[in-house]
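Structure data (CSV, C-alpha atoms) from my_file-v3.csv:
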chain,number,residue,atom,x,y,z
A,22,MET,CA,95.8,92.7,96.6
A,23,ASN,CA,92.7,93.8,94.7
A,24,PHE,CA,90.7,93.7,97.9
A,25,GLN,CA,86.9,93.4,97.6
A,26,PRO,CA,84.8,95.8,99.7
A,27,GLU,CA,82.8,93.2,101.5
A,28,LEU,CA,85.9,91.9,103.2
A,29,PHE,CA,86.1,95.1,105.4
A,30,SER,CA,83.8,96.9,107.7
A,31,THR,CA,82.6,100.4,107.3
A,32,ALA,CA,85.2,101.6,109.8
A,33,TRP,CA,88.0,100.3,107.7
A,34,HIS,CA,86.7,102.0,104.6
A,35,VAL,CA,86.3,105.3,106.4
A,36,PHE,CA,89.8,105.1,107.7
A,37,ALA,CA,91.2,104.3,104.3
A,38,ALA,CA,89.2,107.1,102.7
A,39,LEU,CA,90.6,109.6,105.3
A,40,CYS,CA,94.1,108.4,104.6
A,41,GLY,CA,93.5,108.8,100.9
A,42,VAL,CA,92.2,112.4,101.4
A,43,GLY,CA,95.3,113.3,103.4
A,44,GLY,CA,97.6,111.7,100.9
A,45,GLY,CA,95.7,113.5,98.1
A,46,LEU,CA,96.2,116.9,99.7
A,47,TRP,CA,99.9,116.2,100.3
A,48,ILE,CA,100.3,115.3,96.6
A,49,LEU,CA,98.4,118.4,95.5
A,50,ARG,CA,100.7,120.6,97.6
A,51,THR,CA,104.0,119.1,97.1
A,52,ALA,CA,104.1,117.2,93.8
A,53,PRO,CA,106.4,118.6,91.1
A,54,TRP,CA,103.6,119.4,88.7
A,55,ARG,CA,105.8,121.6,86.5
A,56,ARG,CA,107.5,118.5,85.3
A,57,LEU,CA,104.4,117.5,83.5
A,58,LEU,CA,104.7,120.6,81.3
A,59,ASP,CA,107.5,118.6,79.6
A,60,GLY,CA,105.7,116.3,77.1
A,61,HIS,CA,108.2,113.5,77.6
A,62,GLN,CA,107.5,113.5,81.4
A,63,LEU,CA,103.8,113.6,80.9
A,64,ASN,CA,104.0,110.7,78.4
A,65,ALA,CA,106.1,108.8,80.9
A,66,VAL,CA,103.6,109.2,83.7
A,67,LEU,CA,100.6,108.2,81.5
A,68,GLY,CA,102.5,105.4,79.9
A,69,ALA,CA,103.5,104.0,83.3
A,70,ALA,CA,99.9,104.2,84.5
A,71,VAL,CA,98.7,102.2,81.4
A,72,ALA,CA,101.5,99.6,81.8
A,73,LEU,CA,100.6,99.1,85.5
A,74,THR,CA,97.0,98.8,84.6
A,75,LEU,CA,97.8,96.0,82.3
A,76,LEU,CA,100.1,94.3,84.8
A,77,TRP,CA,97.5,94.6,87.6
A,78,SER,CA,94.8,93.2,85.3
A,79,LEU,CA,96.9,90.0,85.0
A,80,ASN,CA,96.5,88.6,88.5
A,81,ALA,CA,96.1,85.2,90.0
A,82,GLY,CA,94.2,84.3,93.1
A,83,VAL,CA,92.6,81.6,95.1
A,84,TYR,CA,90.0,83.4,97.2
A,85,PRO,CA,88.4,86.9,96.9
A,86,GLY,CA,90.9,89.5,97.9
A,87,LEU,CA,93.8,87.1,97.8
A,88,ASN,CA,94.9,88.1,94.3
A,89,LEU,CA,98.6,88.4,93.3
A,90,HIS,CA,100.1,90.6,90.7
A,91,LEU,CA,103.2,92.7,90.1
A,92,LEU,CA,103.2,96.0,92.0
A,93,GLY,CA,105.6,98.4,90.4
A,94,ALA,CA,105.6,100.7,93.5
A,95,MET,CA,109.4,100.8,94.0
A,96,ALA,CA,110.2,101.4,90.3
A,97,SER,CA,107.5,104.2,90.2
A,98,THR,CA,109.0,105.8,93.3
A,99,LEU,CA,112.5,105.7,92.0
A,100,ILE,CA,111.5,107.0,88.5
A,101,PHE,CA,108.9,109.7,89.4
A,102,GLY,CA,109.4,110.4,93.1
A,103,PRO,CA,106.9,109.6,95.8
A,104,GLN,CA,104.2,112.1,94.9
A,105,MET,CA,104.1,111.4,91.2
A,106,ALA,CA,104.4,107.6,91.9
A,107,LEU,CA,101.2,107.9,93.9
A,108,VAL,CA,99.6,109.6,90.9
A,109,VAL,CA,100.7,106.8,88.6
A,110,LEU,CA,99.5,104.1,91.0
A,111,GLY,CA,96.2,105.9,91.6
A,112,LEU,CA,95.6,106.1,87.8
A,113,ALA,CA,96.5,102.4,87.4
A,114,LEU,CA,94.1,101.5,90.2
A,115,ALA,CA,91.4,103.6,88.6
A,116,GLY,CA,92.1,101.7,85.3
A,117,VAL,CA,91.7,98.2,86.8
A,118,THR,CA,88.6,99.4,88.7
A,119,LEU,CA,87.0,100.7,85.4
A,120,ASN,CA,87.6,97.4,83.7
A,121,GLY,CA,85.8,95.6,86.4
A,122,SER,CA,88.6,93.9,88.2
A,123,VAL,CA,87.9,95.8,91.4
A,124,GLU,CA,84.9,97.5,92.8
A,125,TRP,CA,84.9,101.3,93.4
A,126,GLY,CA,83.9,100.7,97.0
A,127,ALA,CA,87.3,99.2,97.6
A,128,TYR,CA,89.3,101.9,95.9
A,129,PRO,CA,90.4,103.7,99.2
A,130,ILE,CA,91.6,100.5,100.9
A,131,ASN,CA,93.3,99.3,97.8
A,132,PHE,CA,95.0,102.6,97.2
A,133,LEU,CA,96.2,102.6,100.8
A,134,VAL,CA,97.6,99.1,100.8
A,135,MET,CA,98.8,99.0,97.1
A,136,GLY,CA,99.8,102.6,96.8
A,137,MET,CA,100.4,104.8,99.8
A,138,ILE,CA,102.1,102.2,102.1
A,139,PRO,CA,104.5,100.7,99.4
A,140,VAL,CA,105.5,104.1,98.2
A,141,ALA,CA,106.2,105.3,101.7
A,142,LEU,CA,108.2,102.2,102.4
A,143,GLY,CA,110.1,102.6,99.1
A,144,SER,CA,110.9,106.2,99.9
A,145,LEU,CA,112.2,105.2,103.3
A,146,TYR,CA,114.2,102.4,101.9
A,147,SER,CA,115.9,104.7,99.3
A,148,ARG,CA,116.8,107.2,102.0
A,149,ILE,CA,118.4,104.5,104.1
A,150,ILE,CA,120.4,103.2,101.2
A,151,ARG,CA,121.6,106.8,100.3
A,152,ARG,CA,122.5,107.3,103.9
A,153,TRP,CA,124.5,104.2,104.5
A,154,LEU,CA,125.8,103.0,101.2
A,155,PRO,CA,128.1,104.8,98.7
A,156,ARG,CA,126.5,106.5,95.7
A,157,HIS,CA,127.5,104.1,93.0
A,158,PHE,CA,125.8,103.1,89.8
A,159,PHE,CA,125.8,99.4,90.7
A,160,VAL,CA,124.5,100.2,94.2
A,161,TYR,CA,121.7,102.1,92.7
A,162,ILE,CA,120.7,99.3,90.2
A,163,PHE,CA,121.2,96.2,92.4
A,164,VAL,CA,120.4,97.5,95.8
A,165,ASN,CA,117.7,100.1,95.1
A,166,ALA,CA,116.1,98.8,91.9
A,167,PHE,CA,116.5,95.0,92.2
A,168,LEU,CA,116.7,94.3,95.9
A,169,GLY,CA,114.5,97.2,96.9
A,170,ALA,CA,111.6,96.1,94.6
A,171,ALA,CA,111.7,92.6,96.1
A,172,VAL,CA,111.9,94.0,99.7
A,173,ILE,CA,108.9,96.3,99.2
A,174,VAL,CA,106.8,93.6,97.6
A,175,LEU,CA,107.5,91.2,100.5
A,176,LEU,CA,106.7,94.0,103.1
A,177,GLN,CA,103.5,94.8,101.1
A,178,GLY,CA,102.5,91.1,101.3
A,179,VAL,CA,103.0,91.1,105.1
A,180,ILE,CA,101.0,94.3,105.4
A,181,ALA,CA,98.2,93.0,103.2
A,182,SER,CA,98.0,89.8,105.2
A,183,LEU,CA,97.9,91.6,108.5
A,184,THR,CA,95.2,93.9,107.1
A,185,LEU,CA,93.1,91.0,106.1
A,186,PHE,CA,93.6,89.2,109.4
A,187,ALA,CA,92.9,92.4,111.5
A,188,ALA,CA,89.7,93.0,109.5
A,189,GLY,CA,88.6,89.4,110.2
A,190,ALA,CA,88.4,88.6,106.5
A,191,TYR,CA,90.6,85.4,106.7
A,192,PRO,CA,92.2,83.4,109.5
A,193,ALA,CA,95.9,83.6,110.1
A,194,ASP,CA,96.7,80.0,109.1
A,195,LYS,CA,95.0,80.4,105.7
A,196,LEU,CA,97.0,83.6,105.0
A,197,LEU,CA,100.3,82.1,106.2
A,198,SER,CA,99.9,79.0,104.1
A,199,GLU,CA,97.9,80.0,101.0
A,200,TYR,CA,98.8,83.7,100.5
A,201,LEU,CA,101.9,85.1,102.1
A,202,PRO,CA,104.4,82.5,100.8
A,203,PHE,CA,103.6,83.4,97.1
A,204,PHE,CA,105.0,86.9,97.7
A,205,LEU,CA,108.5,85.3,97.7
A,206,LEU,CA,108.0,84.3,94.0
A,207,LEU,CA,106.3,87.7,93.3
A,208,GLY,CA,109.2,89.5,94.8
A,209,PHE,CA,111.7,87.8,92.6
A,210,ALA,CA,109.7,88.7,89.5
A,211,GLU,CA,109.2,92.2,90.7
A,212,ALA,CA,113.0,92.6,91.3
A,213,TRP,CA,113.8,91.6,87.7
A,214,LEU,CA,111.2,93.8,86.2
A,215,SER,CA,112.2,96.9,88.3
A,216,GLY,CA,115.9,96.3,87.8
A,217,MET,CA,115.5,95.9,84.0
A,218,VAL,CA,113.3,99.0,83.6
A,219,LEU,CA,115.6,101.2,85.8
A,220,THR,CA,118.7,100.0,84.1
A,221,LEU,CA,117.4,100.9,80.6
A,222,LEU,CA,116.2,104.3,81.8
A,223,VAL,CA,119.4,105.3,83.6
A,224,VAL,CA,121.4,104.3,80.6
A,225,TYR,CA,119.3,105.8,77.9
A,226,TYR,CA,117.1,108.4,79.6
A,227,PRO,CA,118.6,109.3,83.0
A,228,GLU,CA,116.9,112.7,82.9
A,229,TRP,CA,113.6,110.8,83.3
A,230,VAL,CA,114.6,109.2,86.6
A,231,ALA,CA,114.0,111.6,89.5
A,232,SER,CA,116.1,109.7,92.0
A,233,PHE,CA,119.2,109.3,89.7
A,234,ASP,CA,121.9,111.9,89.2
A,235,ASP,CA,124.9,111.4,86.9
A,236,ARG,CA,127.1,113.6,89.1
A,237,SER,CA,126.4,111.5,92.1
A,238,TYR,CA,126.4,108.0,90.7
A,239,LEU,CA,128.8,108.1,87.7
A,240,MET,CA,131.3,110.9,87.8
A,241,ASN,CA,134.7,110.1,89.4
A,242,LYS,CA,133.6,106.6,90.3

Give the structure from the file, written as structure tokens.
Amino acid sequence: MNFQPELFSTAWHVFAALCGVGGGLWILRTAPWRRLLDGHQLNAVLGAAVALTLLWSLNAGVYPGLNLHLLGAMASTLIFGPQMALVVLGLALAGVTLNGSVEWGAYPINFLVMGMIPVALGSLYSRIIRRWLPRHFFVYIFVNAFLGAAVIVLLQGVIASLTLFAAGAYPADKLLSEYLPFFLLLGFAEAWLSGMVLTLLVVYYPEWVASFDDRSYLMNK
């Protein structure tokens, strides 16, 4: 994560930019912007962006582009919905770019790999869980928030590794031995952080969580 622009060819950057433009248009057309008229919701979005900026600034890595940090994509998707989650992740990426951790030339590819793909996977995962498992509070917390966050981080690690390999940035053996295995540890930390945040929010501020409904998850259970 935190890819550097020199790791990718111009074609990769153009492709990522086109994906970003398409995603931006989708957000503009479908995002629930009226929610931001509520001061609490606006503060939650901006606060989450600042928190992720700080988390993404605390990264560890061995080689350029092989940095590791907590992601927060699954928690953002559950709390804000996919459109506003992308807004939060986009603002966080802008924050770490402004502080010099990432170059602006790599913004599109980073937004694609650290934002659009994880949010899409998180949304799909949530739909599968709602479709096949009962709507119960503990299912929401442990399967969606805890397990879901770990799954999305692991999948994001696989996608990041495949992207670096396909772009010719690093050989497969280096990625398999010195990069991808660390996502197992990262997934465990991400699961605890996501589960803790979602548990606190659904207990004290359930109206802030877009994917949680008292009538579905608590009543008559």

### Query
Which of these, A:Val66, A:Ala190, A:Leu89, A:Val117, has the shortest distance to A:Leu207 once you count all atoms listed in the file?
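Distance minimum relative to A:Leu207 lands on A:Leu89.
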
### Message
What's around A:Ser122 at 9 Å? Count all atoms listed in the file, leave out sequence neighbours fewer than 4 positions away in its own chain, and write the answer as a PyMOL selection string.
### Response
chain A and resi 23+77-78+117-118

### Query
Given the choices A:Phe186, A:Tyr238, A:Tyr200, A:Phe36, which gets closest to A:His157 if the distance is worked out from all atoms listed in the file?
A:Tyr238

Give one line per residue of stretch 117-210 of chain A that approaches stretch 103-106 of chain A to at most 12 Å, naming the two atoms of the closest pair and their distance in Å to one decimal, counting only C-alpha atoms; sort by chain then ascending residue number and deliver it as a tab-separated table.
residue	atom	partner	partner_atom	distance
A:Phe132	CA	A:Ala106	CA	11.9
A:Met135	CA	A:Ala106	CA	11.5
A:Gly136	CA	A:Ala106	CA	8.4
A:Met137	CA	A:Pro103	CA	9.0
A:Ile138	CA	A:Pro103	CA	10.8
A:Pro139	CA	A:Pro103	CA	9.9
A:Val140	CA	A:Pro103	CA	6.2
A:Ala141	CA	A:Pro103	CA	7.3
A:Leu142	CA	A:Pro103	CA	10.0
A:Gly143	CA	A:Pro103	CA	8.4
A:Ser144	CA	A:Pro103	CA	6.7
A:Leu145	CA	A:Pro103	CA	10.2
A:Tyr146	CA	A:Pro103	CA	11.9
A:Ser147	CA	A:Pro103	CA	10.8
A:Arg148	CA	A:Pro103	CA	11.9

### Query
Of the residues A:Leu49, A:Val42, A:Leu99, A:Leu112, which is the one nearest to A:Gly68, using all atoms listed in the file?
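Using all atoms listed in the file, the shortest distance to A:Gly68 belongs to A:Leu112.
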
### Distance criterion (all atoms listed in the file): nearest to A:Ala70 out of A:Phe29, A:Tyr161, A:Tyr128, A:Phe101
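Of all the options, A:Phe101 lies closest to A:Ala70.
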
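One finds atom CA of A:Ala115 at 11.8 Å from atom CA of A:Leu75.
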
#### Entry: Selection: 8 Å around A:Ile173, all atoms listed in the file, excl. self and same-chain fewer than 2 positions, as an MDAnalysis selection string
chainID A and resid 94:95 139 142:143 169:171 175:177

### Query
Nearest to A:Met22: which of A:Ile150, A:Leu107, A:Ile180, A:Ala96 is it, counting only C-alpha atoms?
A:Ile180

#### Entry: Near-A:Arg156 list (10 Å; all atoms listed in the file; drop same-chain fewer than 3 positions) as a PyMOL selection string
chain A and resi 150-153+159-161+233-234+236-239+242

### Query
By how many Å are atom CA of A:Asp194 and atom CA of A:Gln25 apart?
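Answer for the atom CA of A:Asp194 to atom CA of A:Gln25 separation: 20.2 Å.
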